[in-house]
Amino acid sequence: MSKGITSRAENYSQWYNELVVKADLADNSVVRGCMVIKPYGYAIWEKMQAQLDKMFKETGHVNAYFPLFIPKSFFSREASHVEGFAKECAVVTHYRLKNSSDGKGIVVDSDARLEEELIVRPTSETIIWNTYKDWIQSYRDLPILINQWANVVRWEMRTRLFLRTAEFLWQEGHTAHADKEEALAETVKMINVYADFLEKYMAVPVIKGRKTEKERFAGALDTYSIEALMQDGKALQAGTSHFLGQNFAKAFDVKFATRQGTLDYVWATSWGVSTRLMGALIMAHSDDNGLVLPPKLAPIHVVIVPIYQKTEQLAQLAETILPLKKELESKGWTVKFDDRDTVKPGFKFAEHELKGIPVRIAIGPRDMENGTVEIARRDTLEKKVYPMNEAVERVTCLMDEIQENIFRKAKEFRKANTRQTDSYDEFKEMLEKGGFIMAHWDGTGETEERIKEETKATIRCLPLDASEETGKCLLTGKPSQRRVLFARSY
RNA sequence: CGGGAUGUAGCGCAGUCCGGUUAGCGUAUCUGCUUUGGGAGCAGAGGGUCGCAGGUUCGAAUCCUGCCAUCCCGACCA
């Protein structure tokens, strides 16, 4: 917990430790890249979860839960889906252990081999569509609008805390519709829900857009994503919503009787966000003093630090602090009275800043004399003294101000780091500075691939709000109708 | 899976080249006193399979062999 923390992603580890640590599974030579989310980190995730869940329900969705294990055969039904995930699946082959014959430990019981291997879900499309098959006979059974909160496992070759761990927490929505238009509308609706969540709650501005064919979800006809820019200039895909067409319905033979009396395959969507959003939150707002949390997602809104010399004085201060705490709580704020006598005030200040608590109130003998409090805001680190009777009102105003201010700062940062170019050489120079680059592209996978190979930049998305503009492809000079969003990404 | 580096106290490290007292430092922890409006000071104490397994040697954290793990760069990444 030393100073010199930086908001650059490479150096996050010091205060990442407040939220999450890499799981210590060193004795196991196989499991790697798993994380332990500590209580404070998990509290932030719970806040995010609660808000997202509310938004899903407001848009007509309900929660359900499907199994962790998926029979291997389910995967072979949708060809491109398995191709996308096959290389990163954990496979269960046995169901029992026994004492080893030499008496030295435990071994897998080779008699307990499963007839068909089970796959630990990397995503749940296959098992859900296998289930939906039994639930859908008629157009009257549609739409099905289900969300699941779960963990998934993807055996990534290289992991990074929050951004890409072997096991992560997420939600996945899986919907079934009677017609294409409705499914398409659902896909767009959910990418908008995600964008609202990031901008209004996480205070992280995003670009909504469609993925190129290469970057598309395995098995999808169209993938929408939201792309956020981190403080180190790299892009982060923060959420996706997929239009699956009839691919999964065909793979799992999910037909329904239409209103017209014919049989048709069901139209599908899926959409998800994960604990990666925590990474986004951290990397978008943090500064050298640690985390900066938007008030709407902070587990603790206000911390009150008493300043005193003798324990009698603490009791006296508590007489003022406890009513203030109660009043703040009655306004809906979560308040922590940090009355620990084991650390000094300066230590508490630093610690709460590290944790990103939006507002700090300090009360000491000086304030008792003058009837004042000192209020400090985390985003600007500004401290001011106010009359005691204005404290509650001031805190309430500050919450809105902080929420707005960090969103505005993030937007300004993105604006300052979004560039436009028509020259490939300039494009390469710009990439070194980081940030988003708007450029023309001829629409082919070959060009996309070549640019990626030569520059490590990928097409993050084809922004939904891009205006028509004729131009020439950055690389090939072929005609293009609008600019697309390039960046180096996580 | 390729290239590079690393593994020594909870955390961060020195010591390894060139084998040789009881393996050391910072920090954290515990005790006492003084402190307390921005990460306290002094004194004392506890804490180690030196990644694992073999080998060489009178003697191994140090040399040799094998294995394991971690990190970085690639490959990979809805």
# chains A, B, ... in the order shown; residues from 1 in each chain; ligands from 1
>>> interface_residues(of="chain A", to="chain B", cutoff="7 Å", atoms="only C-alpha atoms (C1' of nucleotides)", output="PyMOL selection string")
chain A and resi 26+156-157+217-218+307-309+344-347+349-350
>>> write_last_selection(atoms="N, CA and C atoms", output="PDB file, in the first residue's frame")
ATOM      1  N   ALA A  26      -0.923 -23.300  -6.553  1.00  0.00           N
ATOM      2  CA  ALA A  26       0.373 -23.710  -7.096  1.00  0.00           C
ATOM      3  C   ALA A  26       0.625 -25.210  -7.013  1.00  0.00           C
ATOM      4  N   GLU A 156      -8.113 -20.222 -20.992  1.00  0.00           N
ATOM      5  CA  GLU A 156      -7.294 -19.287 -21.753  1.00  0.00           C
ATOM      6  C   GLU A 156      -5.821 -19.617 -21.570  1.00  0.00           C
ATOM      7  N   MET A 157      -5.049 -19.400 -22.622  1.00  0.00           N
ATOM      8  CA  MET A 157      -3.614 -19.672 -22.509  1.00  0.00           C
ATOM      9  C   MET A 157      -2.944 -18.636 -21.641  1.00  0.00           C
ATOM     10  N   PHE A 217     -19.189 -13.497 -32.412  1.00  0.00           N
ATOM     11  CA  PHE A 217     -19.365 -14.646 -31.530  1.00  0.00           C
ATOM     12  C   PHE A 217     -19.538 -15.916 -32.366  1.00  0.00           C
ATOM     13  N   ALA A 218     -18.942 -17.013 -31.864  1.00  0.00           N
ATOM     14  CA  ALA A 218     -18.992 -18.268 -32.602  1.00  0.00           C
ATOM     15  C   ALA A 218     -20.423 -18.792 -32.681  1.00  0.00           C
ATOM     16  N   ILE A 307     -11.341  12.377  14.806  1.00  0.00           N
ATOM     17  CA  ILE A 307      -9.970  12.735  15.147  1.00  0.00           C
ATOM     18  C   ILE A 307      -9.912  13.090  16.625  1.00  0.00           C
ATOM     19  N   TYR A 308      -9.108  12.355  17.370  1.00  0.00           N
ATOM     20  CA  TYR A 308      -9.112  12.511  18.823  1.00  0.00           C
ATOM     21  C   TYR A 308      -7.789  12.046  19.388  1.00  0.00           C
ATOM     22  N   GLN A 309      -7.570  12.410  20.652  1.00  0.00           N
ATOM     23  CA  GLN A 309      -6.330  11.994  21.298  1.00  0.00           C
ATOM     24  C   GLN A 309      -6.568  10.966  22.393  1.00  0.00           C
ATOM     25  N   LYS A 344      -3.939   5.461  12.839  1.00  0.00           N
ATOM     26  CA  LYS A 344      -4.071   6.914  12.941  1.00  0.00           C
ATOM     27  C   LYS A 344      -4.940   7.448  11.810  1.00  0.00           C
ATOM     28  N   PRO A 345      -5.447   8.679  11.998  1.00  0.00           N
ATOM     29  CA  PRO A 345      -6.329   9.256  10.973  1.00  0.00           C
ATOM     30  C   PRO A 345      -5.701   9.281   9.585  1.00  0.00           C
ATOM     31  N   GLY A 346      -4.436   9.664   9.512  1.00  0.00           N
ATOM     32  CA  GLY A 346      -3.777   9.759   8.213  1.00  0.00           C
ATOM     33  C   GLY A 346      -3.803   8.431   7.477  1.00  0.00           C
ATOM     34  N   PHE A 347      -3.629   7.376   8.204  1.00  0.00           N
ATOM     35  CA  PHE A 347      -3.675   6.034   7.629  1.00  0.00           C
ATOM     36  C   PHE A 347      -5.074   5.739   7.106  1.00  0.00           C
ATOM     37  N   PHE A 349      -7.345   7.920   6.149  1.00  0.00           N
ATOM     38  CA  PHE A 349      -7.600   8.737   4.953  1.00  0.00           C
ATOM     39  C   PHE A 349      -7.074   8.015   3.711  1.00  0.00           C
ATOM     40  N   ALA A 350      -5.820   7.589   3.818  1.00  0.00           N
ATOM     41  CA  ALA A 350      -5.168   6.952   2.676  1.00  0.00           C
ATOM     42  C   ALA A 350      -5.871   5.657   2.295  1.00  0.00           C
TER      43      ALA A 350
END
>>> residues_around(residues="G74 in chain B", least_positions_apart="3", cutoff="12 Å", atoms="only C-alpha atoms (C1' of nucleotides)", output="JSON, numbers by chain")
{"A": [157, 158, 456], "B": [1, 2, 3, 4]}
>>> residues_around(residues="Asp367 in chain A", least_positions_apart="6", cutoff="9 Å", atoms="only C-alpha atoms (C1' of nucleotides)", output="PyMOL selection string")
chain A and resi 373-374+385+387-388
>>> write_last_selection(atoms="N, CA and C atoms", output="PDB file, in the first residue's frame")
ATOM      1  N   VAL A 373     -17.723  20.474  10.079  1.00  0.00           N
ATOM      2  CA  VAL A 373     -17.161  19.193   9.650  1.00  0.00           C
ATOM      3  C   VAL A 373     -16.271  19.447   8.436  1.00  0.00           C
ATOM      4  N   GLU A 374     -15.302  18.554   8.233  1.00  0.00           N
ATOM      5  CA  GLU A 374     -14.487  18.654   7.020  1.00  0.00           C
ATOM      6  C   GLU A 374     -14.966  17.581   6.055  1.00  0.00           C
ATOM      7  N   VAL A 385     -14.407  22.821   4.657  1.00  0.00           N
ATOM      8  CA  VAL A 385     -15.064  22.806   5.966  1.00  0.00           C
ATOM      9  C   VAL A 385     -16.449  23.425   5.842  1.00  0.00           C
ATOM     10  N   PRO A 387     -20.421  24.132   7.919  1.00  0.00           N
ATOM     11  CA  PRO A 387     -21.169  24.070   9.177  1.00  0.00           C
ATOM     12  C   PRO A 387     -21.833  22.697   9.287  1.00  0.00           C
ATOM     13  N   MET A 388     -21.853  22.183  10.474  1.00  0.00           N
ATOM     14  CA  MET A 388     -22.418  20.870  10.749  1.00  0.00           C
ATOM     15  C   MET A 388     -23.816  20.686  10.153  1.00  0.00           C
TER      16      MET A 388
END
>>> atom_distance(atom1="CA of Asp232 in chain A", atom2="CA of Tyr424 in chain A")
22.3 Å
>>> atom_distance(atom1="CA of His81 in chain A", atom2="CA of Trp271 in chain A")
15.0 Å
>>> residues_around(residues="Tyr95 in chain A", least_positions_apart="6", cutoff="10 Å", atoms="only C-alpha atoms (C1' of nucleotides)", output="list of chain:residue names")
A:Val108, A:Asp109, A:Ser110, A:Asp111, A:Ala112, A:Arg113, A:Leu114
>>> decode(residues="range 224-265 of chain A", atoms="N, CA and C atoms", output="PDB file, in the first residue's frame")
ATOM      1  N   TYR A 224     -23.311  -7.382 -31.541  1.00  0.00           N
ATOM      2  CA  TYR A 224     -23.204  -5.974 -31.149  1.00  0.00           C
ATOM      3  C   TYR A 224     -22.327  -5.916 -29.912  1.00  0.00           C
ATOM      4  N   SER A 225     -21.513  -4.873 -29.818  1.00  0.00           N
ATOM      5  CA  SER A 225     -20.683  -4.752 -28.619  1.00  0.00           C
ATOM      6  C   SER A 225     -20.634  -3.306 -28.168  1.00  0.00           C
ATOM      7  N   ILE A 226     -20.237  -3.119 -26.918  1.00  0.00           N
ATOM      8  CA  ILE A 226     -19.913  -1.779 -26.455  1.00  0.00           C
ATOM      9  C   ILE A 226     -18.419  -1.762 -26.167  1.00  0.00           C
ATOM     10  N   GLU A 227     -17.781  -0.718 -26.632  1.00  0.00           N
ATOM     11  CA  GLU A 227     -16.334  -0.612 -26.495  1.00  0.00           C
ATOM     12  C   GLU A 227     -15.998   0.598 -25.641  1.00  0.00           C
ATOM     13  N   ALA A 228     -15.159   0.362 -24.620  1.00  0.00           N
ATOM     14  CA  ALA A 228     -14.761   1.452 -23.729  1.00  0.00           C
ATOM     15  C   ALA A 228     -13.261   1.681 -23.862  1.00  0.00           C
ATOM     16  N   LEU A 229     -12.835   2.907 -23.581  1.00  0.00           N
ATOM     17  CA  LEU A 229     -11.413   3.224 -23.665  1.00  0.00           C
ATOM     18  C   LEU A 229     -10.829   3.338 -22.265  1.00  0.00           C
ATOM     19  N   MET A 230      -9.768   2.594 -22.022  1.00  0.00           N
ATOM     20  CA  MET A 230      -9.125   2.619 -20.710  1.00  0.00           C
ATOM     21  C   MET A 230      -8.078   3.732 -20.653  1.00  0.00           C
ATOM     22  N   GLN A 231      -7.650   4.065 -19.443  1.00  0.00           N
ATOM     23  CA  GLN A 231      -6.739   5.216 -19.286  1.00  0.00           C
ATOM     24  C   GLN A 231      -5.368   4.988 -19.902  1.00  0.00           C
ATOM     25  N   ASP A 232      -5.023   3.739 -20.159  1.00  0.00           N
ATOM     26  CA  ASP A 232      -3.729   3.486 -20.778  1.00  0.00           C
ATOM     27  C   ASP A 232      -3.832   3.465 -22.301  1.00  0.00           C
ATOM     28  N   GLY A 233      -5.005   3.815 -22.814  1.00  0.00           N
ATOM     29  CA  GLY A 233      -5.153   3.942 -24.258  1.00  0.00           C
ATOM     30  C   GLY A 233      -5.608   2.674 -24.964  1.00  0.00           C
ATOM     31  N   LYS A 234      -5.831   1.613 -24.204  1.00  0.00           N
ATOM     32  CA  LYS A 234      -6.295   0.383 -24.830  1.00  0.00           C
ATOM     33  C   LYS A 234      -7.819   0.293 -24.756  1.00  0.00           C
ATOM     34  N   ALA A 235      -8.395  -0.372 -25.759  1.00  0.00           N
ATOM     35  CA  ALA A 235      -9.839  -0.555 -25.797  1.00  0.00           C
ATOM     36  C   ALA A 235     -10.217  -1.802 -25.014  1.00  0.00           C
ATOM     37  N   LEU A 236     -11.419  -1.768 -24.445  1.00  0.00           N
ATOM     38  CA  LEU A 236     -11.920  -2.945 -23.738  1.00  0.00           C
ATOM     39  C   LEU A 236     -13.351  -3.219 -24.181  1.00  0.00           C
ATOM     40  N   GLN A 237     -13.576  -4.446 -24.672  1.00  0.00           N
ATOM     41  CA  GLN A 237     -14.929  -4.855 -25.010  1.00  0.00           C
ATOM     42  C   GLN A 237     -15.653  -5.119 -23.696  1.00  0.00           C
ATOM     43  N   ALA A 238     -16.724  -4.354 -23.458  1.00  0.00           N
ATOM     44  CA  ALA A 238     -17.332  -4.391 -22.123  1.00  0.00           C
ATOM     45  C   ALA A 238     -18.627  -5.190 -22.081  1.00  0.00           C
ATOM     46  N   GLY A 239     -19.193  -5.477 -23.230  1.00  0.00           N
ATOM     47  CA  GLY A 239     -20.430  -6.254 -23.240  1.00  0.00           C
ATOM     48  C   GLY A 239     -20.804  -6.598 -24.664  1.00  0.00           C
ATOM     49  N   THR A 240     -21.479  -7.739 -24.840  1.00  0.00           N
ATOM     50  CA  THR A 240     -21.875  -8.126 -26.188  1.00  0.00           C
ATOM     51  C   THR A 240     -23.315  -8.614 -26.205  1.00  0.00           C
ATOM     52  N   SER A 241     -23.941  -8.448 -27.338  1.00  0.00           N
ATOM     53  CA  SER A 241     -25.300  -8.934 -27.550  1.00  0.00           C
ATOM     54  C   SER A 241     -25.334  -9.553 -28.945  1.00  0.00           C
ATOM     55  N   HIS A 242     -25.749 -10.823 -29.011  1.00  0.00           N
ATOM     56  CA  HIS A 242     -25.656 -11.557 -30.266  1.00  0.00           C
ATOM     57  C   HIS A 242     -27.012 -11.877 -30.872  1.00  0.00           C
ATOM     58  N   PHE A 243     -27.107 -11.667 -32.163  1.00  0.00           N
ATOM     59  CA  PHE A 243     -28.255 -12.146 -32.923  1.00  0.00           C
ATOM     60  C   PHE A 243     -27.847 -13.500 -33.499  1.00  0.00           C
ATOM     61  N   LEU A 244     -28.487 -14.562 -33.012  1.00  0.00           N
ATOM     62  CA  LEU A 244     -28.055 -15.903 -33.387  1.00  0.00           C
ATOM     63  C   LEU A 244     -28.825 -16.469 -34.570  1.00  0.00           C
ATOM     64  N   GLY A 245     -29.787 -15.704 -35.083  1.00  0.00           N
ATOM     65  CA  GLY A 245     -30.580 -16.195 -36.206  1.00  0.00           C
ATOM     66  C   GLY A 245     -31.302 -17.477 -35.819  1.00  0.00           C
ATOM     67  N   GLN A 246     -31.312 -18.440 -36.751  1.00  0.00           N
ATOM     68  CA  GLN A 246     -31.944 -19.731 -36.459  1.00  0.00           C
ATOM     69  C   GLN A 246     -30.893 -20.838 -36.288  1.00  0.00           C
ATOM     70  N   ASN A 247     -29.620 -20.414 -36.148  1.00  0.00           N
ATOM     71  CA  ASN A 247     -28.536 -21.396 -36.076  1.00  0.00           C
ATOM     72  C   ASN A 247     -28.705 -22.417 -34.962  1.00  0.00           C
ATOM     73  N   PHE A 248     -28.980 -21.906 -33.749  1.00  0.00           N
ATOM     74  CA  PHE A 248     -29.097 -22.836 -32.630  1.00  0.00           C
ATOM     75  C   PHE A 248     -30.402 -23.621 -32.683  1.00  0.00           C
ATOM     76  N   ALA A 249     -31.462 -22.973 -33.177  1.00  0.00           N
ATOM     77  CA  ALA A 249     -32.741 -23.683 -33.311  1.00  0.00           C
ATOM     78  C   ALA A 249     -32.585 -24.849 -34.284  1.00  0.00           C
ATOM     79  N   LYS A 250     -31.853 -24.624 -35.347  1.00  0.00           N
ATOM     80  CA  LYS A 250     -31.635 -25.696 -36.323  1.00  0.00           C
ATOM     81  C   LYS A 250     -30.748 -26.785 -35.721  1.00  0.00           C
ATOM     82  N   ALA A 251     -29.695 -26.359 -35.011  1.00  0.00           N
ATOM     83  CA  ALA A 251     -28.776 -27.333 -34.424  1.00  0.00           C
ATOM     84  C   ALA A 251     -29.473 -28.204 -33.383  1.00  0.00           C
ATOM     85  N   PHE A 252     -30.421 -27.618 -32.646  1.00  0.00           N
ATOM     86  CA  PHE A 252     -31.097 -28.385 -31.590  1.00  0.00           C
ATOM     87  C   PHE A 252     -32.547 -28.718 -31.962  1.00  0.00           C
ATOM     88  N   ASP A 253     -32.867 -28.474 -33.232  1.00  0.00           N
ATOM     89  CA  ASP A 253     -34.184 -28.841 -33.756  1.00  0.00           C
ATOM     90  C   ASP A 253     -35.324 -28.243 -32.934  1.00  0.00           C
ATOM     91  N   VAL A 254     -35.265 -26.926 -32.744  1.00  0.00           N
ATOM     92  CA  VAL A 254     -36.330 -26.256 -31.995  1.00  0.00           C
ATOM     93  C   VAL A 254     -37.292 -25.601 -32.979  1.00  0.00           C
ATOM     94  N   LYS A 255     -38.378 -26.305 -33.297  1.00  0.00           N
ATOM     95  CA  LYS A 255     -39.399 -25.801 -34.222  1.00  0.00           C
ATOM     96  C   LYS A 255     -40.656 -25.449 -33.455  1.00  0.00           C
ATOM     97  N   PHE A 256     -41.426 -24.518 -33.998  1.00  0.00           N
ATOM     98  CA  PHE A 256     -42.696 -24.174 -33.344  1.00  0.00           C
ATOM     99  C   PHE A 256     -43.780 -23.996 -34.401  1.00  0.00           C
ATOM    100  N   ALA A 257     -45.013 -24.217 -33.961  1.00  0.00           N
ATOM    101  CA  ALA A 257     -46.158 -24.018 -34.866  1.00  0.00           C
ATOM    102  C   ALA A 257     -46.475 -22.540 -34.918  1.00  0.00           C
ATOM    103  N   THR A 258     -46.435 -21.962 -36.104  1.00  0.00           N
ATOM    104  CA  THR A 258     -46.671 -20.531 -36.235  1.00  0.00           C
ATOM    105  C   THR A 258     -48.169 -20.235 -36.205  1.00  0.00           C
ATOM    106  N   ARG A 259     -48.475 -18.948 -36.092  1.00  0.00           N
ATOM    107  CA  ARG A 259     -49.854 -18.480 -36.098  1.00  0.00           C
ATOM    108  C   ARG A 259     -50.561 -18.926 -37.382  1.00  0.00           C
ATOM    109  N   GLN A 260     -49.783 -19.065 -38.461  1.00  0.00           N
ATOM    110  CA  GLN A 260     -50.352 -19.448 -39.747  1.00  0.00           C
ATOM    111  C   GLN A 260     -50.498 -20.975 -39.876  1.00  0.00           C
ATOM    112  N   GLY A 261     -50.064 -21.703 -38.866  1.00  0.00           N
ATOM    113  CA  GLY A 261     -50.198 -23.152 -38.922  1.00  0.00           C
ATOM    114  C   GLY A 261     -49.034 -23.873 -39.571  1.00  0.00           C
ATOM    115  N   THR A 262     -47.991 -23.138 -39.920  1.00  0.00           N
ATOM    116  CA  THR A 262     -46.807 -23.796 -40.481  1.00  0.00           C
ATOM    117  C   THR A 262     -45.805 -24.085 -39.363  1.00  0.00           C
ATOM    118  N   LEU A 263     -44.726 -24.793 -39.719  1.00  0.00           N
ATOM    119  CA  LEU A 263     -43.656 -25.043 -38.756  1.00  0.00           C
ATOM    120  C   LEU A 263     -42.457 -24.172 -39.108  1.00  0.00           C
ATOM    121  N   ASP A 264     -41.847 -23.582 -38.084  1.00  0.00           N
ATOM    122  CA  ASP A 264     -40.665 -22.758 -38.366  1.00  0.00           C
ATOM    123  C   ASP A 264     -39.659 -22.905 -37.228  1.00  0.00           C
ATOM    124  N   TYR A 265     -38.406 -22.601 -37.543  1.00  0.00           N
ATOM    125  CA  TYR A 265     -37.383 -22.605 -36.506  1.00  0.00           C
ATOM    126  C   TYR A 265     -37.466 -21.316 -35.706  1.00  0.00           C
TER     127      TYR A 265
END
